[in-house]
file upload17.cif (mmCIF, C-alpha atoms)
data_target
loop_
_atom_site.label_atom_id
_atom_site.label_comp_id
_atom_site.auth_asym_id
_atom_site.auth_seq_id
_atom_site.Cartn_x
_atom_site.Cartn_y
_atom_site.Cartn_z
CA MET U 11 203.42 211.07 220.64
CA PRO U 12 206.63 209.10 220.38
CA ILE U 13 206.03 208.07 223.97
CA GLY U 14 202.84 206.42 225.10
CA SER U 15 200.85 206.49 228.26
CA PHE U 16 202.88 205.33 231.23
CA GLU U 17 199.79 203.52 232.53
CA ALA U 18 200.29 200.79 229.93
CA VAL U 19 203.88 200.05 230.95
CA PRO U 20 203.12 197.77 233.96
CA PHE U 21 200.67 195.72 231.89
CA VAL U 22 203.05 195.32 228.96
CA ALA U 23 205.98 194.61 231.30
CA SER U 24 203.93 191.96 233.16
CA THR U 25 203.09 190.22 229.88
CA LEU U 26 206.73 190.32 228.78
CA LEU U 27 207.87 188.91 232.12
CA ALA U 28 205.31 186.12 232.04
CA MET U 29 205.94 185.15 228.42
CA GLN U 30 209.72 185.55 228.22
CA PRO U 31 209.48 186.00 224.43
CA ARG U 32 212.44 185.21 222.20
CA ARG U 33 211.24 187.32 219.25
CA VAL U 34 209.55 190.72 219.65
CA LEU U 35 208.27 193.12 216.99
CA ASP U 36 207.65 196.71 218.13
CA VAL U 37 205.74 198.59 215.42
CA GLY U 38 205.74 202.37 215.76
CA LEU U 39 208.57 202.26 218.28
CA GLY U 40 208.74 206.04 218.73
CA PHE U 41 211.53 206.79 221.20
CA GLY U 42 211.98 203.07 221.99
CA LEU U 43 210.40 202.81 225.44
CA TYR U 44 209.28 199.21 224.94
CA GLY U 45 212.65 198.18 223.56
CA ALA U 46 214.13 199.35 226.85
CA ALA U 47 211.42 197.35 228.66
CA VAL U 48 212.35 194.17 226.77
CA ARG U 49 216.03 194.63 227.50
CA SER U 50 215.36 195.46 231.17
CA TRP U 51 212.73 192.90 232.13
CA VAL U 52 213.18 190.04 229.68
CA ASP U 53 216.92 190.15 229.06
CA LEU U 54 217.68 191.55 232.55
CA GLY U 55 220.09 194.04 231.00
CA VAL U 56 222.64 191.29 230.29
CA ARG U 57 224.35 190.77 226.95
CA PRO U 58 224.31 188.85 224.81
CA TRP U 59 220.61 189.54 224.48
CA ARG U 60 218.35 186.49 224.54
CA THR U 61 215.54 188.28 222.75
CA PHE U 62 215.60 189.18 219.06
CA LEU U 63 214.05 192.66 219.02
CA VAL U 64 212.85 194.35 215.83
CA GLY U 65 211.46 197.88 215.66
CA VAL U 66 209.59 199.71 212.91
CA GLU U 67 209.31 203.50 212.87
CA GLY U 68 208.15 205.74 210.04
CA PHE U 69 209.65 208.95 211.43
CA SER U 70 213.44 208.84 211.43
CA ALA U 71 213.77 212.00 213.52
CA TYR U 72 212.79 209.94 216.59
CA ARG U 73 216.10 208.06 216.37
CA ASN U 74 217.93 208.23 219.68
CA PRO U 75 220.32 206.02 221.70
CA THR U 76 217.46 203.79 222.88
CA TRP U 77 217.14 202.51 219.32
CA ASP U 78 220.54 200.88 219.77
CA LEU U 79 218.82 198.36 222.07
CA TYR U 80 217.05 196.88 219.03
CA ASP U 81 218.68 194.19 216.90
CA MET U 82 217.12 195.77 213.82
CA VAL U 83 215.19 198.99 213.21
CA PHE U 84 213.32 199.54 209.96
CA GLU U 85 212.84 203.24 209.28
CA GLN U 86 209.74 202.98 207.12
CA PRO U 87 205.96 203.09 207.38
CA ILE U 88 204.42 200.08 209.09
CA GLU U 89 202.41 199.23 205.98
CA ARG U 90 205.58 198.98 203.88
CA PHE U 91 207.29 196.80 206.49
CA LEU U 92 204.32 194.43 206.68
CA SER U 93 204.07 194.18 202.89
CA VAL U 94 207.66 192.87 202.69
CA HIS U 95 208.32 191.03 205.96
CA ALA U 96 206.31 187.95 206.93
CA GLU U 97 208.34 186.72 209.92
CA HIS U 98 206.55 185.59 213.07
CA TYR U 99 207.13 186.92 216.58
CA ASP U 100 206.26 185.75 220.06
CA VAL U 101 205.07 189.26 220.91
CA VAL U 102 203.95 191.98 218.53
CA LEU U 103 203.65 195.38 220.22
CA ALA U 104 201.39 197.95 218.61
CA ALA U 105 201.57 200.60 221.29
CA ASP U 106 199.93 203.93 220.60
CA ILE U 107 199.68 203.53 216.84
CA ILE U 108 196.20 202.28 215.93
CA GLU U 109 194.62 205.69 216.61
CA HIS U 110 196.87 207.21 213.93
CA PHE U 111 195.04 205.29 211.18
CA ASP U 112 191.47 205.67 209.98
CA GLN U 113 189.23 202.88 211.26
CA LEU U 114 189.22 200.81 208.04
CA THR U 115 193.00 200.96 207.67
CA GLY U 116 193.32 200.13 211.37
CA VAL U 117 191.19 197.01 210.95
CA GLU U 118 193.41 195.85 208.08
CA LEU U 119 196.51 196.64 210.15
CA LEU U 120 195.21 194.50 213.03
CA LYS U 121 194.65 191.60 210.62
CA GLN U 122 198.19 191.90 209.29
CA LEU U 123 199.70 192.16 212.77
CA LYS U 124 197.82 189.05 213.90
CA GLN U 125 199.36 187.20 210.97
CA ARG U 126 202.82 188.05 212.35
CA VAL U 127 202.13 186.46 215.75
CA ALA U 128 203.71 183.02 216.21
CA PRO U 129 201.63 180.14 217.61
CA GLY U 130 201.30 180.69 221.36
CA GLY U 131 202.30 184.33 220.90
CA ARG U 132 200.49 187.55 221.60
CA LEU U 133 199.57 190.84 219.94
CA ILE U 134 199.45 193.73 222.42
CA VAL U 135 197.60 196.89 221.39
CA VAL U 136 197.79 200.10 223.43
CA THR U 137 195.54 203.04 222.54
CA PRO U 138 193.96 206.03 224.30
CA ALA U 139 190.66 205.24 226.01
CA VAL U 140 189.32 208.69 225.12
CA PHE U 141 189.50 210.57 221.86
CA PHE U 142 191.57 213.71 221.77
CA ALA U 143 192.64 215.67 218.75
CA GLN U 144 196.34 215.56 217.99
CA ALA U 145 198.08 217.26 215.11
CA ALA U 146 201.46 216.56 213.51
CA VAL U 147 203.63 216.52 216.64
CA TYR U 148 207.25 217.50 215.87
CA GLY U 149 206.16 217.93 212.26
CA ASN U 150 205.38 214.21 212.06
CA GLU U 151 202.19 213.64 210.04
CA TYR U 152 202.05 210.07 211.37
CA GLU U 153 201.14 211.55 214.78
CA VAL U 154 197.73 212.88 213.69
CA HIS U 155 194.90 211.11 215.51
CA ARG U 156 192.54 209.78 212.86
CA SER U 157 190.30 207.41 214.84
CA PHE U 158 189.13 206.35 218.25
CA TRP U 159 189.01 202.70 219.30
CA SER U 160 186.47 201.96 222.00
CA LYS U 161 186.56 198.88 224.18
CA ALA U 162 183.75 197.46 222.02
CA ASP U 163 185.75 198.16 218.84
CA LEU U 164 188.77 196.32 220.20
CA GLU U 165 186.64 193.37 221.35
CA LEU U 166 184.84 193.26 217.99
CA HIS U 167 188.21 192.51 216.40
CA GLY U 168 189.02 189.67 218.78
CA LEU U 169 191.09 191.53 221.36
CA VAL U 170 190.62 191.16 225.11
CA VAL U 171 190.90 194.44 227.00
CA THR U 172 193.22 193.92 229.97
CA LEU U 173 193.42 197.57 231.02
CA ASP U 174 190.33 199.72 230.85
CA GLY U 175 191.78 203.02 232.00
CA ARG U 176 188.86 205.27 231.15
CA HIS U 177 188.61 206.53 234.70
CA SER U 178 192.27 206.86 235.47
CA PRO U 179 193.45 209.86 237.48
CA HIS U 180 196.94 209.53 235.93
CA GLY U 181 198.05 210.57 232.46
CA ILE U 182 195.94 209.76 229.44
CA PRO U 183 193.27 207.12 230.05
CA THR U 184 194.50 204.06 228.17
CA PHE U 185 193.31 200.71 226.88
CA VAL U 186 195.63 197.74 226.69
CA ALA U 187 194.15 194.94 224.61
CA GLU U 188 195.60 191.55 223.73
CA TRP U 189 195.06 188.85 221.16
CA SER U 190 196.59 185.39 221.50
CA ALA U 191 197.50 183.10 218.62
CA GLY U 192 196.35 179.51 219.03
#

call {"tool": "encode", "arguments": {"input": "upload17.cif", "output": "structure tokens"}}
result
Amino acid sequence: MPIGSFEAVPFVASTLLAMQPRRVLDVGLGFGLYGAAVRSWVDLGVRPWRTFLVGVEGFSAYRNPTWDLYDMVFEQPIERFLSVHAEHYDVVLAADIIEHFDQLTGVELLKQLKQRVAPGGRLIVVTPAVFFAQAAVYGNEYEVHRSFWSKADLELHGLVVTLDGRHSPHGIPTFVAEWSAG
């Protein structure tokens, strides 16, 4: 879905507040929830923005006024963006996207996202903690769920799970996992 689990928001917001990043990459921005979080909790809603915020979204129909909070939005598949752009960011957000790739492609995506994290920066991955089938929501083929990432899968690829929401009574049980660049 172009919106993720609300359970992840406090964890992502806490990381953003603690880090005060100057450069943020939001891949698979959907409706732009995390762009609004950056502008609210890092930039305190005050212009000029202190944070350079870049979004990548493969489904242009999700465009809405929240996208205007981004300095740049690339309307293209994540793989195409990563094949052309090698910039580094203090925070790379991959919220509710990894499950939309098969496992092998997802592993490669994680490697490429880690390469975009600046020294001292962080990759934040958000994904459902349970598998559920999802078709092409709003006609968007990118929304199909193609894999499930367990806590062990995330840890196998060097991420530390900071939210293990498998037993949550609210919304969709969600994992938030992080990887820090040295």

call {"tool": "resolve_selection", "arguments": {"input": "upload17.cif", "expression": "the PyMOL selection byres ((chain U and resi 102) around 7)", "output": "list in words"}}
result
Val34, Leu35, Asp36, Tyr99, Asp100, Val101, Leu103, Ala104, Val127, Arg132, Leu133 and Ile134 of chain U

call {"tool": "atom_distance", "arguments": {"input": "upload17.cif", "atom1": "atom CA of Met82 of chain U", "atom2": "atom CA of Val56 of chain U"}}
result
17.9 Å

call {"tool": "closest_residue", "arguments": {"input": "upload17.cif", "among": "U:Ala187, U:Ile108, U:Leu166, U:Val22", "to": "Glu153 of chain U", "atoms": "all atoms listed in the file"}}
result
U:Ile108

call {"tool": "residues_near_point", "arguments": {"input": "upload17.cif", "point": "(211.1, 212.9, 217.7)", "cutoff": "10 Å", "atoms": "all atoms listed in the file", "output": "short mmCIF file (atom, residue, chain, number, x, y, z; two decimals) with C-alpha atoms, keeping the file's coordinate frame"}}
result
data_model
loop_
_atom_site.label_atom_id
_atom_site.label_comp_id
_atom_site.auth_asym_id
_atom_site.auth_seq_id
_atom_site.Cartn_x
_atom_site.Cartn_y
_atom_site.Cartn_z
CA MET U 11 203.42 211.07 220.64
CA PRO U 12 206.63 209.10 220.38
CA ILE U 13 206.03 208.07 223.97
CA GLY U 40 208.74 206.04 218.73
CA PHE U 41 211.53 206.79 221.20
CA PHE U 69 209.65 208.95 211.43
CA SER U 70 213.44 208.84 211.43
CA ALA U 71 213.77 212.00 213.52
CA TYR U 72 212.79 209.94 216.59
CA ARG U 73 216.10 208.06 216.37
CA ASN U 74 217.93 208.23 219.68
CA VAL U 147 203.63 216.52 216.64
CA TYR U 148 207.25 217.50 215.87
CA GLY U 149 206.16 217.93 212.26
CA ASN U 150 205.38 214.21 212.06
#

call {"tool": "atom_distance", "arguments": {"input": "upload17.cif", "atom1": "atom CA of Trp159 of chain U", "atom2": "atom CA of Thr172 of chain U"}}
result
14.4 Å

call {"tool": "residues_around", "arguments": {"input": "upload17.cif", "residues": "Asp78 of chain U", "least_positions_apart": "3", "cutoff": "12 Å", "atoms": "all atoms listed in the file", "output": "PyMOL selection string"}}
result
chain U and resi 41-43+45-46+49+63-65+73-75+81-83

call {"tool": "closest_residue", "arguments": {"input": "upload17.cif", "among": "U:Ser15, U:Ser93, U:Thr61, U:Gln30", "to": "Glu118 of chain U", "atoms": "only C-alpha atoms"}}
result
U:Ser93

call {"tool": "decode", "arguments": {"input": "upload17.cif", "residues": "segment 76-95 of chain U", "atoms": "N, CA, C and O atoms", "output": "mmCIF file, in the first residue's frame"}}
result
data_model
loop_
_atom_site.group_PDB
_atom_site.id
_atom_site.type_symbol
_atom_site.label_atom_id
_atom_site.label_comp_id
_atom_site.auth_asym_id
_atom_site.auth_seq_id
_atom_site.Cartn_x
_atom_site.Cartn_y
_atom_site.Cartn_z
ATOM 1 N N THR U 76 1.628 16.084 -0.684
ATOM 2 C CA THR U 76 2.709 15.750 0.244
ATOM 3 C C THR U 76 4.043 15.630 -0.492
ATOM 4 O O THR U 76 5.095 15.910 0.085
ATOM 5 N N TRP U 77 4.000 15.261 -1.754
ATOM 6 C CA TRP U 77 5.240 15.150 -2.522
ATOM 7 C C TRP U 77 5.940 16.497 -2.634
ATOM 8 O O TRP U 77 7.153 16.554 -2.850
ATOM 9 N N ASP U 78 5.205 17.569 -2.504
ATOM 10 C CA ASP U 78 5.808 18.904 -2.588
ATOM 11 C C ASP U 78 6.754 19.186 -1.420
ATOM 12 O O ASP U 78 7.526 20.142 -1.470
ATOM 13 N N LEU U 79 6.706 18.359 -0.379
ATOM 14 C CA LEU U 79 7.617 18.506 0.755
ATOM 15 C C LEU U 79 9.028 18.010 0.428
ATOM 16 O O LEU U 79 9.966 18.299 1.151
ATOM 17 N N TYR U 80 9.160 17.259 -0.652
ATOM 18 C CA TYR U 80 10.454 16.714 -1.065
ATOM 19 C C TYR U 80 11.188 17.738 -1.925
ATOM 20 O O TYR U 80 10.580 18.446 -2.723
ATOM 21 N N ASP U 81 12.507 17.784 -1.788
ATOM 22 C CA ASP U 81 13.317 18.640 -2.655
ATOM 23 C C ASP U 81 13.331 18.096 -4.077
ATOM 24 O O ASP U 81 13.319 18.866 -5.039
ATOM 25 N N MET U 82 13.367 16.772 -4.190
ATOM 26 C CA MET U 82 13.356 16.113 -5.493
ATOM 27 C C MET U 82 12.579 14.817 -5.368
ATOM 28 O O MET U 82 12.722 14.103 -4.371
ATOM 29 N N VAL U 83 11.769 14.513 -6.395
ATOM 30 C CA VAL U 83 11.089 13.225 -6.475
ATOM 31 C C VAL U 83 11.401 12.634 -7.845
ATOM 32 O O VAL U 83 11.196 13.288 -8.871
ATOM 33 N N PHE U 84 11.909 11.419 -7.831
ATOM 34 C CA PHE U 84 12.191 10.696 -9.064
ATOM 35 C C PHE U 84 11.062 9.696 -9.279
ATOM 36 O O PHE U 84 10.885 8.787 -8.467
ATOM 37 N N GLU U 85 10.314 9.885 -10.336
ATOM 38 C CA GLU U 85 9.200 8.991 -10.656
ATOM 39 C C GLU U 85 9.726 7.900 -11.572
ATOM 40 O O GLU U 85 9.627 7.996 -12.794
ATOM 41 N N GLN U 86 10.299 6.875 -10.938
ATOM 42 C CA GLN U 86 10.902 5.767 -11.671
ATOM 43 C C GLN U 86 11.080 4.592 -10.718
ATOM 44 O O GLN U 86 11.078 4.770 -9.493
ATOM 45 N N PRO U 87 11.260 3.401 -11.261
ATOM 46 C CA PRO U 87 11.523 2.254 -10.389
ATOM 47 C C PRO U 87 12.798 2.464 -9.580
ATOM 48 O O PRO U 87 13.747 3.107 -10.042
ATOM 49 N N ILE U 88 12.822 1.916 -8.397
ATOM 50 C CA ILE U 88 13.962 2.052 -7.493
ATOM 51 C C ILE U 88 15.238 1.535 -8.153
ATOM 52 O O ILE U 88 16.300 2.163 -8.045
ATOM 53 N N GLU U 89 15.131 0.413 -8.860
ATOM 54 C CA GLU U 89 16.306 -0.169 -9.499
ATOM 55 C C GLU U 89 16.921 0.809 -10.506
ATOM 56 O O GLU U 89 18.146 0.917 -10.595
ATOM 57 N N ARG U 90 16.092 1.506 -11.262
ATOM 58 C CA ARG U 90 16.612 2.468 -12.234
ATOM 59 C C ARG U 90 17.295 3.626 -11.516
ATOM 60 O O ARG U 90 18.385 4.048 -11.894
ATOM 61 N N PHE U 91 16.659 4.139 -10.459
ATOM 62 C CA PHE U 91 17.256 5.224 -9.689
ATOM 63 C C PHE U 91 18.632 4.815 -9.168
ATOM 64 O O PHE U 91 19.617 5.544 -9.315
ATOM 65 N N LEU U 92 18.714 3.642 -8.558
ATOM 66 C CA LEU U 92 19.971 3.200 -7.954
ATOM 67 C C LEU U 92 21.050 2.929 -8.999
ATOM 68 O O LEU U 92 22.241 3.049 -8.703
ATOM 69 N N SER U 93 20.654 2.588 -10.219
ATOM 70 C CA SER U 93 21.648 2.323 -11.265
ATOM 71 C C SER U 93 22.279 3.606 -11.790
ATOM 72 O O SER U 93 23.345 3.571 -12.400
ATOM 73 N N VAL U 94 21.652 4.755 -11.530
ATOM 74 C CA VAL U 94 22.125 6.030 -12.066
ATOM 75 C C VAL U 94 22.678 6.947 -10.976
ATOM 76 O O VAL U 94 23.621 7.692 -11.207
ATOM 77 N N HIS U 95 22.103 6.890 -9.796
ATOM 78 C CA HIS U 95 22.445 7.833 -8.724
ATOM 79 C C HIS U 95 23.254 7.135 -7.633
ATOM 80 O O HIS U 95 22.813 6.154 -7.059
#
